[in-house]
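Visitor: My structure file protein38.pdb, PDB, C-alpha atoms, is below:
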```pdb
ATOM      1  CA  GLU F 863     -22.098 -22.732  49.697
ATOM      2  CA  ALA F 864     -25.303 -23.779  47.945
ATOM      3  CA  GLU F 865     -23.999 -22.342  44.701
ATOM      4  CA  ASP F 866     -20.770 -24.351  45.084
ATOM      5  CA  ASP F 867     -22.793 -27.536  45.614
ATOM      6  CA  ASN F 868     -24.772 -26.781  42.474
ATOM      7  CA  SER F 869     -21.557 -26.230  40.554
ATOM      8  CA  VAL F 870     -20.247 -29.618  41.700
ATOM      9  CA  ILE F 871     -23.517 -31.257  40.636
ATOM     10  CA  LEU F 872     -23.371 -29.564  37.244
ATOM     11  CA  ASN F 873     -19.758 -30.643  36.760
ATOM     12  CA  ASP F 874     -20.665 -34.242  37.577
ATOM     13  CA  TYR F 875     -23.674 -33.999  35.251
ATOM     14  CA  PHE F 876     -21.405 -32.684  32.501
ATOM     15  CA  LYS F 877     -18.909 -35.526  32.918
ATOM     16  CA  VAL F 878     -21.592 -38.222  32.950
ATOM     17  CA  THR F 879     -23.380 -36.688  29.966
ATOM     18  CA  VAL F 880     -20.230 -36.358  27.873
ATOM     19  CA  GLY F 881     -19.149 -39.902  28.739
ATOM     20  CA  GLY F 882     -22.574 -41.334  27.975
ATOM     21  CA  PHE F 883     -22.994 -39.540  24.660
ATOM     22  CA  LEU F 884     -19.438 -40.339  23.608
ATOM     23  CA  SER F 885     -19.861 -44.044  24.395
ATOM     24  CA  ALA F 886     -23.220 -44.210  22.618
ATOM     25  CA  THR F 887     -21.783 -42.413  19.586
ATOM     26  CA  ILE F 888     -18.815 -44.771  19.313
ATOM     27  CA  ILE F 889     -20.987 -47.892  19.668
ATOM     28  CA  ASN F 890     -23.543 -46.707  17.099
ATOM     29  CA  CYS F 891     -20.840 -45.662  14.641
ATOM     30  CA  LEU F 892     -19.179 -49.062  14.898
ATOM     31  CA  ILE F 893     -22.483 -50.886  14.382
ATOM     32  CA  MET F 894     -23.393 -48.768  11.352
ATOM     33  CA  ALA F 895     -19.907 -49.023   9.878
ATOM     34  CA  PHE F 896     -19.702 -52.812  10.173
ATOM     35  CA  GLY F 897     -23.194 -53.258   8.743
ATOM     36  CA  PHE F 898     -22.546 -50.970   5.786
ATOM     37  CA  LEU F 899     -19.069 -52.348   5.097
ATOM     38  CA  THR F 900     -20.573 -55.829   4.928
ATOM     39  CA  PHE F 901     -23.423 -55.106   2.502
ATOM     40  CA  GLY F 902     -22.662 -51.652   1.098
ATOM     41  CA  GLY F 903     -25.507 -49.921  -0.713
ATOM     42  CA  ASN F 904     -27.636 -53.057  -0.456
ATOM     43  CA  SER F 905     -28.025 -52.640   3.301
ATOM     44  CA  GLN F 906     -31.694 -52.828   4.241
ATOM     45  CA  GLY F 907     -33.493 -50.905   6.973
ATOM     46  CA  VAL F 908     -33.476 -54.023   9.141
ATOM     47  CA  ILE F 909     -29.941 -55.315   8.651
ATOM     48  CA  LEU F 910     -30.962 -58.876   9.572
ATOM     49  CA  ASN F 911     -32.941 -59.058   6.320
ATOM     50  CA  ASN F 912     -29.631 -59.009   4.445
ATOM     51  CA  TYR F 913     -28.608 -62.328   5.958
ATOM     52  CA  SER F 914     -29.615 -65.694   4.593
ATOM     53  CA  THR F 915     -32.406 -67.591   6.304
ATOM     54  CA  LEU F 916     -29.914 -70.459   6.584
ATOM     55  CA  ASP F 917     -27.527 -68.353   8.670
ATOM     56  CA  SER F 918     -27.836 -69.760  12.189
ATOM     57  CA  GLY F 919     -26.453 -66.632  13.859
ATOM     58  CA  ALA F 920     -28.903 -64.369  12.036
ATOM     59  CA  THR F 921     -31.747 -66.748  12.842
ATOM     60  CA  ILE F 922     -30.931 -66.545  16.542
ATOM     61  CA  CYS F 923     -30.831 -62.753  16.297
ATOM     62  CA  ARG F 924     -34.221 -62.731  14.541
ATOM     63  CA  PHE F 925     -35.662 -64.897  17.292
ATOM     64  CA  LEU F 926     -34.265 -62.652  20.011
ATOM     65  CA  THR F 927     -35.607 -59.599  18.176
ATOM     66  CA  ALA F 928     -39.057 -61.185  18.027
ATOM     67  CA  VAL F 929     -38.892 -61.957  21.755
ATOM     68  CA  SER F 930     -37.888 -58.359  22.419
ATOM     69  CA  VAL F 931     -40.766 -56.969  20.333
ATOM     70  CA  ILE F 932     -43.372 -59.312  21.805
ATOM     71  CA  GLY F 933     -42.074 -58.821  25.334
ATOM     72  CA  GLY F 934     -41.985 -55.063  24.948
ATOM     73  CA  TYR F 935     -45.542 -54.841  23.587
ATOM     74  CA  PRO F 936     -47.239 -54.819  27.029
ATOM     75  CA  PHE F 937     -44.847 -52.133  28.294
ATOM     76  CA  LEU F 938     -45.526 -49.996  25.223
ATOM     77  CA  ILE F 939     -49.289 -50.374  25.574
ATOM     78  CA  SER F 940     -49.162 -49.675  29.306
ATOM     79  CA  ALA F 941     -47.078 -46.520  28.819
ATOM     80  CA  CYS F 942     -49.311 -45.240  26.008
ATOM     81  CA  ARG F 943     -52.442 -45.942  28.031
ATOM     82  CA  SER F 944     -51.064 -44.183  31.104
ATOM     83  CA  GLU F 945     -50.171 -41.071  29.125
ATOM     84  CA  PHE F 946     -53.479 -41.076  27.267
ATOM     85  CA  LEU F 947     -55.442 -41.380  30.500
ATOM     86  CA  GLU F 948     -53.367 -38.653  32.109
ATOM     87  CA  LEU F 949     -54.123 -36.310  29.220
ATOM     88  CA  TRP F 950     -57.795 -37.280  29.381
ATOM     89  CA  HIS F 951     -57.871 -36.545  33.117
ATOM     90  CA  LEU F 952     -56.337 -33.116  32.592
ATOM     91  CA  ARG F 953     -58.777 -32.264  29.828
ATOM     92  CA  SER F 954     -61.939 -33.649  31.403
ATOM     93  CA  GLY F 955     -61.138 -32.648  34.983
ATOM     94  CA  LYS F 956     -61.976 -36.117  36.271
ATOM     95  CA  VAL F 957     -59.827 -37.614  38.987
ATOM     96  CA  LYS F 958     -59.789 -41.223  37.879
ATOM     97  CA  ALA F 959     -60.996 -43.183  34.885
ATOM     98  CA  SER F 960     -63.336 -46.102  35.335
ATOM     99  CA  PRO F 961     -62.014 -49.650  34.796
ATOM    100  CA  GLN F 962     -64.305 -49.951  31.789
ATOM    101  CA  PHE F 963     -62.801 -46.866  30.194
ATOM    102  CA  GLU F 964     -59.291 -48.179  30.874
ATOM    103  CA  ARG F 965     -60.148 -51.470  29.148
ATOM    104  CA  ARG F 966     -61.583 -49.618  26.161
ATOM    105  CA  THR F 967     -58.493 -47.453  25.956
ATOM    106  CA  THR F 968     -56.242 -50.507  26.060
ATOM    107  CA  SER F 969     -58.272 -52.209  23.314
ATOM    108  CA  PHE F 970     -58.198 -49.087  21.148
ATOM    109  CA  LEU F 971     -54.430 -48.644  21.448
ATOM    110  CA  LEU F 972     -53.741 -52.329  20.891
ATOM    111  CA  LEU F 973     -55.991 -52.393  17.813
ATOM    112  CA  SER F 974     -54.436 -49.208  16.401
ATOM    113  CA  LEU F 975     -50.863 -50.420  16.798
ATOM    114  CA  THR F 976     -51.699 -53.859  15.399
ATOM    115  CA  LEU F 977     -53.453 -52.410  12.338
ATOM    116  CA  ALA F 978     -50.530 -50.065  11.743
ATOM    117  CA  ALA F 979     -48.127 -53.003  11.949
ATOM    118  CA  MET F 980     -50.246 -54.939   9.440
ATOM    119  CA  VAL F 981     -50.438 -52.049   6.970
ATOM    120  CA  ILE F 982     -46.820 -50.872   7.169
ATOM    121  CA  SER F 983     -44.842 -53.795   5.791
ATOM    122  CA  ASN F 984     -41.517 -51.939   5.563
ATOM    123  CA  ALA F 985     -40.029 -52.025   9.025
ATOM    124  CA  GLY F 986     -37.091 -50.024   7.756
ATOM    125  CA  PHE F 987     -39.377 -47.047   7.200
ATOM    126  CA  VAL F 988     -40.675 -47.216  10.764
ATOM    127  CA  ILE F 989     -37.175 -47.581  12.183
ATOM    128  CA  GLY F 990     -35.873 -44.738  10.026
ATOM    129  CA  LEU F 991     -38.714 -42.355  10.845
ATOM    130  CA  VAL F 992     -38.756 -43.076  14.572
ATOM    131  CA  GLY F 993     -34.974 -43.043  14.710
ATOM    132  CA  ALA F 994     -34.759 -39.698  12.940
ATOM    133  CA  VAL F 995     -37.389 -37.982  15.067
ATOM    134  CA  MET F 996     -36.878 -39.575  18.471
ATOM    135  CA  GLY F 997     -33.132 -39.938  18.021
ATOM    136  CA  SER F 998     -32.787 -36.188  17.561
ATOM    137  CA  ALA F 999     -35.166 -35.529  20.432
ATOM    138  CA  ILE F1000     -33.334 -37.838  22.842
ATOM    139  CA  ALA F1001     -29.848 -36.779  21.784
ATOM    140  CA  TYR F1002     -30.301 -33.024  21.423
ATOM    141  CA  ILE F1003     -33.680 -31.685  22.517
ATOM    142  CA  PHE F1004     -34.609 -33.447  25.775
ATOM    143  CA  PRO F1005     -31.205 -33.133  27.541
ATOM    144  CA  SER F1006     -30.997 -29.460  26.594
ATOM    145  CA  LEU F1007     -34.512 -28.782  27.881
ATOM    146  CA  LEU F1008     -33.714 -30.554  31.146
ATOM    147  CA  TYR F1009     -30.525 -28.553  31.592
ATOM    148  CA  LEU F1010     -32.274 -25.271  30.852
ATOM    149  CA  ALA F1011     -35.063 -26.117  33.294
ATOM    150  CA  TYR F1012     -32.608 -27.128  36.023
ATOM    151  CA  THR F1013     -30.291 -24.169  35.688
ATOM    152  CA  GLY F1014     -33.216 -21.778  35.386
ATOM    153  CA  LYS F1015     -34.700 -22.845  38.724
ATOM    154  CA  THR F1016     -31.788 -23.830  40.960
ATOM    155  CA  VAL F1017     -28.805 -21.920  39.588
ATOM    156  CA  GLN F1018     -28.487 -18.191  39.118
ATOM    157  CA  PRO F1019     -27.403 -17.848  35.478
ATOM    158  CA  THR F1020     -24.916 -15.117  36.309
ATOM    159  CA  LYS F1021     -21.729 -17.045  35.691
ATOM    160  CA  LYS F1022     -20.335 -16.701  32.218
ATOM    161  CA  ARG F1023     -19.925 -20.460  31.852
ATOM    162  CA  ILE F1024     -23.584 -21.097  32.726
ATOM    163  CA  ARG F1025     -24.768 -18.441  30.292
ATOM    164  CA  ILE F1026     -22.639 -19.946  27.509
ATOM    165  CA  GLU F1027     -23.920 -23.448  28.242
ATOM    166  CA  ARG F1028     -27.532 -22.235  28.214
ATOM    167  CA  MET F1029     -26.970 -20.541  24.865
ATOM    168  CA  PHE F1030     -25.375 -23.734  23.569
ATOM    169  CA  CYS F1031     -28.382 -25.754  24.768
ATOM    170  CA  ARG F1032     -30.765 -23.450  22.919
ATOM    171  CA  THR F1033     -28.655 -23.945  19.793
ATOM    172  CA  LEU F1034     -28.805 -27.715  20.272
ATOM    173  CA  ILE F1035     -32.592 -27.569  20.550
ATOM    174  CA  LEU F1036     -32.853 -25.708  17.244
ATOM    175  CA  PHE F1037     -30.417 -28.142  15.632
ATOM    176  CA  GLY F1038     -32.375 -31.114  17.036
ATOM    177  CA  VAL F1039     -35.639 -29.808  15.588
ATOM    178  CA  PHE F1040     -33.975 -29.262  12.216
ATOM    179  CA  ALA F1041     -32.366 -32.723  12.280
ATOM    180  CA  ALA F1042     -35.676 -34.389  13.233
ATOM    181  CA  LEU F1043     -37.568 -32.617  10.442
ATOM    182  CA  ALA F1044     -34.829 -33.275   7.881
ATOM    183  CA  GLY F1045     -34.374 -36.925   8.829
ATOM    184  CA  GLY F1046     -38.099 -37.602   9.014
ATOM    185  CA  SER F1047     -38.693 -35.922   5.657
ATOM    186  CA  VAL F1048     -35.934 -37.898   3.962
ATOM    187  CA  SER F1049     -37.292 -41.140   5.424
ATOM    188  CA  ILE F1050     -40.794 -40.413   4.125
ATOM    189  CA  ILE F1051     -39.606 -39.244   0.705
ATOM    190  CA  SER F1052     -37.221 -42.173   0.213
ATOM    191  CA  ASN F1053     -39.971 -44.692   0.953
ATOM    192  CA  PHE F1054     -42.999 -43.127  -0.721
ATOM    193  CA  PHE F1055     -41.555 -40.663  -3.257
ATOM    194  CA  PRO F1056     -38.142 -42.085  -4.220
ATOM    195  CA  HIS F1057     -38.265 -40.379  -7.629
ATOM    196  CA  LEU F1058     -37.788 -37.048  -5.869
ATOM    197  CA  LEU F1059     -34.376 -38.237  -4.719
ATOM    198  CA  GLY F1060     -33.437 -39.513  -8.160
ATOM    199  CA  ALA F1061     -33.702 -43.130  -6.989
TER
END
```
Show this structure as structure tokens.

Guide:
Amino acid sequence: EAEDDNSVILNDYFKVTVGGFLSATIINCLIMAFGFLTFGGNSQGVILNNYSTLDSGATICRFLTAVSVIGGYPFLISACRSEFLELWHLRSGKVKASPQFERRTTSFLLLSLTLAAMVISNAGFVIGLVGAVMGSAIAYIFPSLLYLAYTGKTVQPTKKRIRIERMFCRTLILFGVFAALAGGSVSIISNFFPHLLGA
């Protein structure tokens, strides 16, 4: 009975995953297609930069993007600080960091991110690099790792279908690593060593 319940859960997980990935793929393909069909090879990393500063619609989108970036800054800093402190706790063996150390950590992360933003003027490079690495990780690596961890602990991998799916997940992980390395390398080369690509 427990195995049947797990099979139902896995079937539901499969349906939700396929539907989610399919929807995300269609939406992203449409966005990329419309942007490229509008500007062709002149499309910039941040597509809003292709629009005139007199375009009211693009100006509104730029404003909303700025609000999103500024509003998301505290969440980004908070998440980075939490993970950094958690790693520091594990390494040092201390239970809790002092408020002073937390403030110093926040200042360090904020200063680092701000300096990086000031030095890297090409936002397209950042978007391309992060998109290539994290996009592959989120789309291929993380879901496969979660599935392997779940089926390895709660489901006996004796069924042929489960074994095939686990093998497929391992293949996806390898493909995700390859795609992340390839995409990240192309993003770095195209921005800093374009002559290697014949550009």

Visitor: With distances taken over only C-alpha atoms, which residue among F:Leu971, F:Leu938, F:Leu872, F:Ile982 lies nearest Phe1054 of chain F?

Guide: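 So, comparing all the options, the nearest one is F:Ile982.
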
Visitor: Just give me the residues with any atom within 10 Å of (-27.9, -24.5, 25.0), file coordinates, counting only C-alpha atoms, written as a VMD selection string.

Guide: chain F and resid 1002 to 1003 1005 to 1007 1009 to 1010 1024 to 1036

Visitor: Please produce, as JSON lines, a per-residue contact table for segment 1027-1049 of chain F versus segment 990-993 of chain F (criterion: any atom at most 12 Å away, all atoms listed in the file considered), showing the nearest atom pair and its distance in Å to one decimal, sorted by chain then residue number.

Guide:
```
{"residue": "F:Ala1041", "atom": "CA", "partner": "F:Gly993", "partner_atom": "CA", "distance": 10.9}
{"residue": "F:Ala1042", "atom": "CA", "partner": "F:Gly993", "partner_atom": "CA", "distance": 8.8}
{"residue": "F:Leu1043", "atom": "CA", "partner": "F:Leu991", "partner_atom": "CA", "distance": 9.8}
{"residue": "F:Ala1044", "atom": "CA", "partner": "F:Leu991", "partner_atom": "CA", "distance": 10.3}
{"residue": "F:Gly1045", "atom": "CA", "partner": "F:Leu991", "partner_atom": "CA", "distance": 7.2}
{"residue": "F:Gly1046", "atom": "CA", "partner": "F:Leu991", "partner_atom": "CA", "distance": 5.1}
{"residue": "F:Ser1047", "atom": "CA", "partner": "F:Leu991", "partner_atom": "CA", "distance": 8.3}
{"residue": "F:Val1048", "atom": "CA", "partner": "F:Leu991", "partner_atom": "CA", "distance": 8.7}
{"residue": "F:Ser1049", "atom": "CA", "partner": "F:Leu991", "partner_atom": "CA", "distance": 5.7}
```

Visitor: Any idea what's packed within 12 Å of Arg965 of chain F, counting all atoms listed in the file, ignoring anything in its chain fewer than 6 positions away? Could you give it as a PyMOL selection string?

Guide: chain F and resi 939-940+943-944+947+959+971-972

Visitor: What's the separation between atom CA of Gly919 of chain F and atom CA of Ile889 of chain F, in Å to one decimal place?

Guide: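 It comes out at 20.4 Å.
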
Visitor: To one decimal in Å, tell me the separation between atom CA of Gly1014 of chain F and atom CA of Phe1037 of chain F.

Guide: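 According to the coordinates, atom CA of Gly1014 of chain F and atom CA of Phe1037 of chain F are separated by 20.9 Å.
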
Visitor: Report, in Å to a single decimal, how far apart atom CA of Tyr1012 of chain F and atom CA of Ile871 of chain F are.

Guide: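 About the pair atom CA of Ile871 of chain F and atom CA of Tyr1012 of chain F: they are 11.0 Å apart.
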